[in-house]
Amino acid sequence: MTQLESLRPTKNRRVMDLVQEAGIDVSDWANYAGKSPAANPKYCYDWAFIQPDRVVVLNLWFFGIYEHNGNLQLSDNLRLQAERYARRPDKSTWRRRSEKLDEAVRYAYSKRLPIRAIVLDGHARAHEDIDAEASRVEARQLDPVPWAVTSYNDQTGEFTVTRGALPGRLVDQFEIGGNPNFPTEVRSVSGTEFVRSAPVRKRVLNRADGRCEWCGEYGFATHDGAIFLETHHIVPLSEGGPDKSSNVVALCPNHHREAHFGALREGMRESMLRKLR
Ligand SMILES: [Zn+2]
Ligand SMILES: [Zn+2]
């Protein structure tokens, strides 16, 4: 059996039980007039559940999961779906469900939380066909392996979740393998090798929290699920700038190059220093 095929659910377990197993507090499910907490309509139709600062649980259709470079992934855009439903008042439940899913993915990405996946099988409604009949879940199981959001496009809502990935490891150009050539960073001047403190870079990456400290956009996701930004000395080491977090910023690759080569680099330098002061 392939890695992917072994993920196909065979049992049809209750949403509430799976969500609870994944670490979500389900005590509020009992707060309604019906007999069974598991049937509480406030929750049981949701496709995303958030335990603040701990974990996010998502329903993922098995058919949407694909293998890429040995990883199991799923990509979607729930914001687009929500917009489609928004034109139809009779689809407001579906719209809300998509919006909640988008919110949960965004939350997991920004907080760097693990995802637990409830994998669904059955008859999925065609995404594009707004009048297709509602999907029918015939089997659902909780994947024991945690997933993580490995990319989320703030502008469009496009995202990818990856099975087994670590959520939001933050890396810069010195940590990433393969030593790509970074012409912007002076490695040595007249034989002097500048040593960069790893703890300083870590501190700066944590401070930036995955977003470029110039434009505020998320860095891109690397193939193994980390968030990539480049650390940059505002006053270069070669000019005697200190190797301290007050002189280092995390930038997206574009703004890193601009800080070195842009027409406005002097102004950028000044305002970066001011911001960190
Ligand atoms: Zn930027
Ligand atoms: Zn630089």
# chains A, B, ... in the order shown; residues from 1 in each chain; ligands from 1
>>> closest_atom_pairs(of="chain A", to="ligand 2", cutoff="8 Å", atoms="only C-alpha atoms and all ligand atoms", output="CSV")
residue,atom,partner,partner_atom_place_in_ligand_line,distance
A:Thr184,CA,ligand 2,1 (Zn),5.7
A:Glu185,CA,ligand 2,1 (Zn),5.2
A:Glu230,CA,ligand 2,1 (Zn),7.6
A:Thr231,CA,ligand 2,1 (Zn),6.6
A:His232,CA,ligand 2,1 (Zn),3.8
A:His233,CA,ligand 2,1 (Zn),5.5
A:Ile234,CA,ligand 2,1 (Zn),7.1
A:Pro236,CA,ligand 2,1 (Zn),7.5
A:His256,CA,ligand 2,1 (Zn),5.8
A:Arg257,CA,ligand 2,1 (Zn),7.2
A:Ala259,CA,ligand 2,1 (Zn),6.9
A:His260,CA,ligand 2,1 (Zn),6.3
>>> write_last_selection(atoms="N, CA and C atoms", output="PDB file, in the first residue's frame")
ATOM      1  N   THR A 184      24.907  39.392  -1.902  1.00  0.00           N
ATOM      2  CA  THR A 184      24.642  40.643  -1.186  1.00  0.00           C
ATOM      3  C   THR A 184      25.361  40.705   0.149  1.00  0.00           C
ATOM      4  N   GLU A 185      25.766  39.572   0.659  1.00  0.00           N
ATOM      5  CA  GLU A 185      26.351  39.592   1.990  1.00  0.00           C
ATOM      6  C   GLU A 185      27.862  39.474   1.891  1.00  0.00           C
ATOM      7  N   GLU A 230      15.700  36.585   5.050  1.00  0.00           N
ATOM      8  CA  GLU A 230      17.140  36.760   5.086  1.00  0.00           C
ATOM      9  C   GLU A 230      17.503  37.734   6.200  1.00  0.00           C
ATOM     10  N   THR A 231      18.520  37.369   6.973  1.00  0.00           N
ATOM     11  CA  THR A 231      18.973  38.296   8.013  1.00  0.00           C
ATOM     12  C   THR A 231      19.983  39.251   7.395  1.00  0.00           C
ATOM     13  N   HIS A 232      19.898  40.498   7.797  1.00  0.00           N
ATOM     14  CA  HIS A 232      20.672  41.551   7.147  1.00  0.00           C
ATOM     15  C   HIS A 232      21.210  42.515   8.212  1.00  0.00           C
ATOM     16  N   HIS A 233      22.505  42.802   8.119  1.00  0.00           N
ATOM     17  CA  HIS A 233      23.089  43.807   9.017  1.00  0.00           C
ATOM     18  C   HIS A 233      22.816  45.198   8.454  1.00  0.00           C
ATOM     19  N   ILE A 234      22.145  46.009   9.237  1.00  0.00           N
ATOM     20  CA  ILE A 234      21.764  47.338   8.744  1.00  0.00           C
ATOM     21  C   ILE A 234      23.032  48.160   8.477  1.00  0.00           C
ATOM     22  N   PRO A 236      26.674  47.419   7.840  1.00  0.00           N
ATOM     23  CA  PRO A 236      27.412  46.186   7.540  1.00  0.00           C
ATOM     24  C   PRO A 236      28.570  45.947   8.510  1.00  0.00           C
ATOM     25  N   HIS A 256      15.708  42.559   0.907  1.00  0.00           N
ATOM     26  CA  HIS A 256      17.119  42.428   1.262  1.00  0.00           C
ATOM     27  C   HIS A 256      17.988  42.979   0.129  1.00  0.00           C
ATOM     28  N   ARG A 257      17.648  42.585  -1.102  1.00  0.00           N
ATOM     29  CA  ARG A 257      18.421  43.099  -2.242  1.00  0.00           C
ATOM     30  C   ARG A 257      18.272  44.615  -2.347  1.00  0.00           C
ATOM     31  N   ALA A 259      17.746  46.684   0.044  1.00  0.00           N
ATOM     32  CA  ALA A 259      18.523  47.335   1.097  1.00  0.00           C
ATOM     33  C   ALA A 259      19.989  47.485   0.690  1.00  0.00           C
ATOM     34  N   HIS A 260      20.448  46.565  -0.178  1.00  0.00           N
ATOM     35  CA  HIS A 260      21.836  46.645  -0.633  1.00  0.00           C
ATOM     36  C   HIS A 260      21.993  47.473  -1.903  1.00  0.00           C
TER      37      HIS A 260
END
>>> residues_around(residues="Ile118 (chain A)", least_positions_apart="5", cutoff="6 Å", atoms="only C-alpha atoms", output="list in words")
Asn59, Gln141 and Leu142 of chain A
>>> closest_residue(among="A:Tyr218, A:Phe228, A:Phe261, A:Trp147", to="ligand 1", atoms="only C-alpha atoms and all ligand atoms")
A:Tyr218
>>> closest_atom_pairs(of="chain A", to="ligand 1", cutoff="6 Å", atoms="only C-alpha atoms and all ligand atoms", output="Markdown table")
| residue | atom | partner | partner_atom_place_in_ligand_line | distance |
| --- | --- | --- | --- | --- |
| A:Cys212 | CA | ligand 1 | 1 (Zn) | 4.6 |
| A:Trp214 | CA | ligand 1 | 1 (Zn) | 5.0 |
| A:Cys215 | CA | ligand 1 | 1 (Zn) | 4.1 |
| A:Leu251 | CA | ligand 1 | 1 (Zn) | 5.4 |
| A:Cys252 | CA | ligand 1 | 1 (Zn) | 4.3 |
| A:His255 | CA | ligand 1 | 1 (Zn) | 4.6 |
>>> residues_around(residues="region 152-168 of chain A", least_positions_apart="4", cutoff="7 Å", atoms="only C-alpha atoms", output="PyMOL selection string")
chain A and resi 71-79+106+109+112-114+145-148+224-227
>>> residues_around(residues="region 91-104 of chain A", least_positions_apart="3", cutoff="6 Å", atoms="only C-alpha atoms", output="list in words")
Ala48, Leu78, Ala82, Tyr85, Arg88 and Tyr107 of chain A
>>> select_by_dssp(residues="region 26-177 of chain A", states="helix (DSSP H, G or I)", output="PyMOL selection string")
chain A and resi 27-30+37-39+62-64+78-86+89-111
>>> atom_distance(atom1="CA of Leu264 (chain A)", atom2="CA of Gly240 (chain A)")
21.4 Å
>>> residues_around(residues="Leu229 (chain A)", least_positions_apart="6", cutoff="12 Å", atoms="only C-alpha atoms", output="NGL selection string")
:A and (168-176 or 201-202 or 204-222 or 249-257)
>>> write_last_selection(atoms="C-alpha atoms", output="compact mmCIF listing (two decimals), in the first residue's frame")
# COMPACT_ATOMS: atom_id res chain seq x y z
CA GLY A 168 6.85 27.40 10.91
CA ARG A 169 10.48 26.71 11.57
CA LEU A 170 12.19 30.01 10.84
CA VAL A 171 15.32 29.91 8.72
CA ASP A 172 17.58 32.40 7.01
CA GLN A 173 20.13 32.22 4.20
CA PHE A 174 22.89 30.95 6.48
CA GLU A 175 20.87 28.09 7.88
CA ILE A 176 19.43 26.74 4.69
CA ARG A 201 20.09 35.59 13.92
CA LYS A 202 17.70 33.33 15.83
CA VAL A 204 15.93 38.40 14.98
CA LEU A 205 14.02 35.65 13.14
CA ASN A 206 11.86 35.12 16.21
CA ARG A 207 11.26 38.85 16.53
CA ALA A 208 10.17 39.03 12.88
CA ASP A 209 7.94 35.98 13.41
CA GLY A 210 8.02 34.98 9.76
CA ARG A 211 7.29 38.43 8.33
CA CYS A 212 9.67 40.78 6.53
CA GLU A 213 10.49 43.57 8.96
CA TRP A 214 10.34 46.04 6.08
CA CYS A 215 7.08 45.19 4.24
CA GLY A 216 5.35 42.90 6.73
CA GLU A 217 4.75 40.10 4.22
CA TYR A 218 5.40 36.49 5.16
CA GLY A 219 8.59 34.97 3.86
CA PHE A 220 8.11 32.10 1.44
CA ALA A 221 7.83 28.52 2.63
CA THR A 222 10.81 26.29 1.90
CA VAL A 249 16.75 42.79 10.55
CA ALA A 250 14.94 39.91 8.87
CA LEU A 251 13.89 40.80 5.33
CA CYS A 252 12.17 39.14 2.43
CA PRO A 253 14.68 38.40 -0.37
CA ASN A 254 13.38 41.30 -2.45
CA HIS A 255 13.79 43.89 0.27
CA HIS A 256 17.12 42.43 1.26
CA ARG A 257 18.42 43.10 -2.24
>>> atom_distance(atom1="CA of Thr150 (chain A)", atom2="CA of Leu18 (chain A)")
23.1 Å
>>> select_by_dssp(residues="region 77-251 of chain A", states="strand (DSSP E)", output="PyMOL selection string")
chain A and resi 77+115-123+136-142+147-152+158-163+170-171+188-189+192-193+220-221+227-228+230-233+248-251
>>> atom_distance(atom1="CA of Asp121 (chain A)", atom2="CA of Ala139 (chain A)")
5.1 Å
>>> closest_residue(among="A:Ser135, A:Ser110, A:Ser238, A:Ser197", to="Asp53 (chain A)", atoms="only C-alpha atoms")
A:Ser110
>>> residues_around(residues="region 23-34 of chain A", least_positions_apart="3", cutoff="7 Å", atoms="only C-alpha atoms", output="ChimeraX atom specification")
/A:19-20,37-38,40,43,50-51
>>> write_last_selection(atoms="C-alpha atoms", output="PDB file, in the first residue's frame")
ATOM      1  CA  VAL A  19     -11.872  16.557  17.468  1.00  0.00           C
ATOM      2  CA  GLN A  20     -11.564  15.765  21.159  1.00  0.00           C
ATOM      3  CA  PRO A  37     -23.635  16.826  22.345  1.00  0.00           C
ATOM      4  CA  ALA A  38     -22.114  15.249  19.224  1.00  0.00           C
ATOM      5  CA  ASN A  40     -24.769  20.164  18.407  1.00  0.00           C
ATOM      6  CA  TYR A  43     -20.149  22.661  15.981  1.00  0.00           C
ATOM      7  CA  ILE A  50      -9.176  25.833  16.937  1.00  0.00           C
ATOM      8  CA  GLN A  51      -7.711  25.254  20.357  1.00  0.00           C
TER       9      GLN A  51
END
>>> closest_residue(among="A:Arg87, A:Arg116, A:Pro41, A:Gly70", to="Glu21 (chain A)", atoms="only C-alpha atoms")
A:Arg116
>>> decode(residues="region 206-219 of chain A", atoms="all heavy atoms", output="short mmCIF file (atom, residue, chain, number, x, y, z; two decimals), in the first residue's frame")
data_model
loop_
_atom_site.label_atom_id
_atom_site.label_comp_id
_atom_site.auth_asym_id
_atom_site.auth_seq_id
_atom_site.Cartn_x
_atom_site.Cartn_y
_atom_site.Cartn_z
N ASN A 206 13.00 35.25 15.30
CA ASN A 206 11.86 35.12 16.21
C ASN A 206 11.12 36.45 16.36
O ASN A 206 9.90 36.48 16.42
CB ASN A 206 12.30 34.62 17.59
CG ASN A 206 12.60 33.13 17.55
OD1 ASN A 206 12.03 32.39 16.76
ND2 ASN A 206 13.52 32.70 18.40
N ARG A 207 11.88 37.53 16.42
CA ARG A 207 11.26 38.85 16.53
C ARG A 207 10.39 39.12 15.29
O ARG A 207 9.26 39.58 15.40
CB ARG A 207 12.35 39.91 16.66
CG ARG A 207 11.83 41.34 16.84
CD ARG A 207 12.99 42.34 16.86
NE ARG A 207 13.64 42.43 15.55
CZ ARG A 207 14.90 42.80 15.37
NH1 ARG A 207 15.68 43.11 16.39
NH2 ARG A 207 15.40 42.87 14.15
N ALA A 208 10.91 38.78 14.12
CA ALA A 208 10.17 39.03 12.88
C ALA A 208 8.97 38.10 12.75
O ALA A 208 7.99 38.42 12.08
CB ALA A 208 11.09 38.85 11.68
N ASP A 209 9.06 36.92 13.37
CA ASP A 209 7.94 35.98 13.41
C ASP A 209 7.44 35.61 12.01
O ASP A 209 6.24 35.54 11.77
CB ASP A 209 6.81 36.60 14.25
CG ASP A 209 5.92 35.51 14.86
OD1 ASP A 209 6.39 34.36 14.94
OD2 ASP A 209 4.77 35.81 15.21
N GLY A 210 8.38 35.44 11.10
CA GLY A 210 8.02 34.98 9.76
C GLY A 210 7.69 36.09 8.77
O GLY A 210 7.44 35.81 7.60
N ARG A 211 7.64 37.34 9.24
CA ARG A 211 7.29 38.43 8.33
C ARG A 211 8.47 39.37 8.12
O ARG A 211 9.17 39.69 9.06
CB ARG A 211 6.14 39.26 8.92
CG ARG A 211 4.81 38.53 8.93
CD ARG A 211 3.82 39.33 9.75
NE ARG A 211 2.54 38.65 9.86
CZ ARG A 211 1.47 38.90 9.11
NH1 ARG A 211 1.54 39.82 8.18
NH2 ARG A 211 0.36 38.24 9.28
N CYS A 212 8.63 39.81 6.89
CA CYS A 212 9.67 40.78 6.53
C CYS A 212 9.51 42.01 7.41
O CYS A 212 8.42 42.57 7.52
CB CYS A 212 9.54 41.16 5.06
SG CYS A 212 10.59 42.54 4.55
N GLU A 213 10.59 42.43 8.05
CA GLU A 213 10.49 43.57 8.96
C GLU A 213 10.44 44.90 8.21
O GLU A 213 10.33 45.95 8.81
CB GLU A 213 11.64 43.55 9.97
CG GLU A 213 11.51 42.38 10.95
CD GLU A 213 12.51 42.43 12.08
OE1 GLU A 213 13.70 42.12 11.81
OE2 GLU A 213 12.13 42.76 13.21
N TRP A 214 10.49 44.81 6.86
CA TRP A 214 10.34 46.04 6.08
C TRP A 214 8.90 46.16 5.54
O TRP A 214 8.24 47.15 5.73
CB TRP A 214 11.34 46.08 4.92
CG TRP A 214 11.28 47.36 4.15
CD1 TRP A 214 10.77 47.53 2.90
CD2 TRP A 214 11.74 48.65 4.58
NE1 TRP A 214 10.86 48.85 2.52
CE2 TRP A 214 11.46 49.55 3.54
CE3 TRP A 214 12.35 49.12 5.75
CZ2 TRP A 214 11.77 50.92 3.62
CZ3 TRP A 214 12.66 50.48 5.83
CH2 TRP A 214 12.38 51.35 4.77
N CYS A 215 8.40 45.10 4.89
CA CYS A 215 7.08 45.19 4.24
C CYS A 215 5.98 44.46 5.00
O CYS A 215 4.80 44.64 4.73
CB CYS A 215 7.15 44.68 2.81
SG CYS A 215 7.48 42.91 2.68
N GLY A 216 6.37 43.59 5.94
CA GLY A 216 5.35 42.90 6.73
C GLY A 216 4.78 41.65 6.09
O GLY A 216 3.95 40.96 6.68
N GLU A 217 5.24 41.31 4.88
CA GLU A 217 4.75 40.10 4.22
C GLU A 217 5.46 38.86 4.77
O GLU A 217 6.63 38.94 5.17
CB GLU A 217 5.02 40.17 2.71
CG GLU A 217 4.15 41.16 1.98
CD GLU A 217 2.68 40.80 2.01
OE1 GLU A 217 2.36 39.63 1.73
OE2 GLU A 217 1.86 41.69 2.32
N TYR A 218 4.77 37.73 4.75
CA TYR A 218 5.40 36.49 5.16
C TYR A 218 6.51 36.13 4.18
O TYR A 218 6.40 36.35 2.99
CB TYR A 218 4.38 35.34 5.16
CG TYR A 218 3.54 35.31 6.40
CD1 TYR A 218 2.17 35.53 6.34
CD2 TYR A 218 4.12 35.05 7.64
CE1 TYR A 218 1.40 35.50 7.48
CE2 TYR A 218 3.35 35.01 8.79
CZ TYR A 218 1.99 35.24 8.70
OH TYR A 218 1.23 35.21 9.82
N GLY A 219 7.57 35.55 4.72
CA GLY A 219 8.59 34.97 3.86
C GLY A 219 7.99 33.77 3.15
O GLY A 219 6.94 33.28 3.54
#
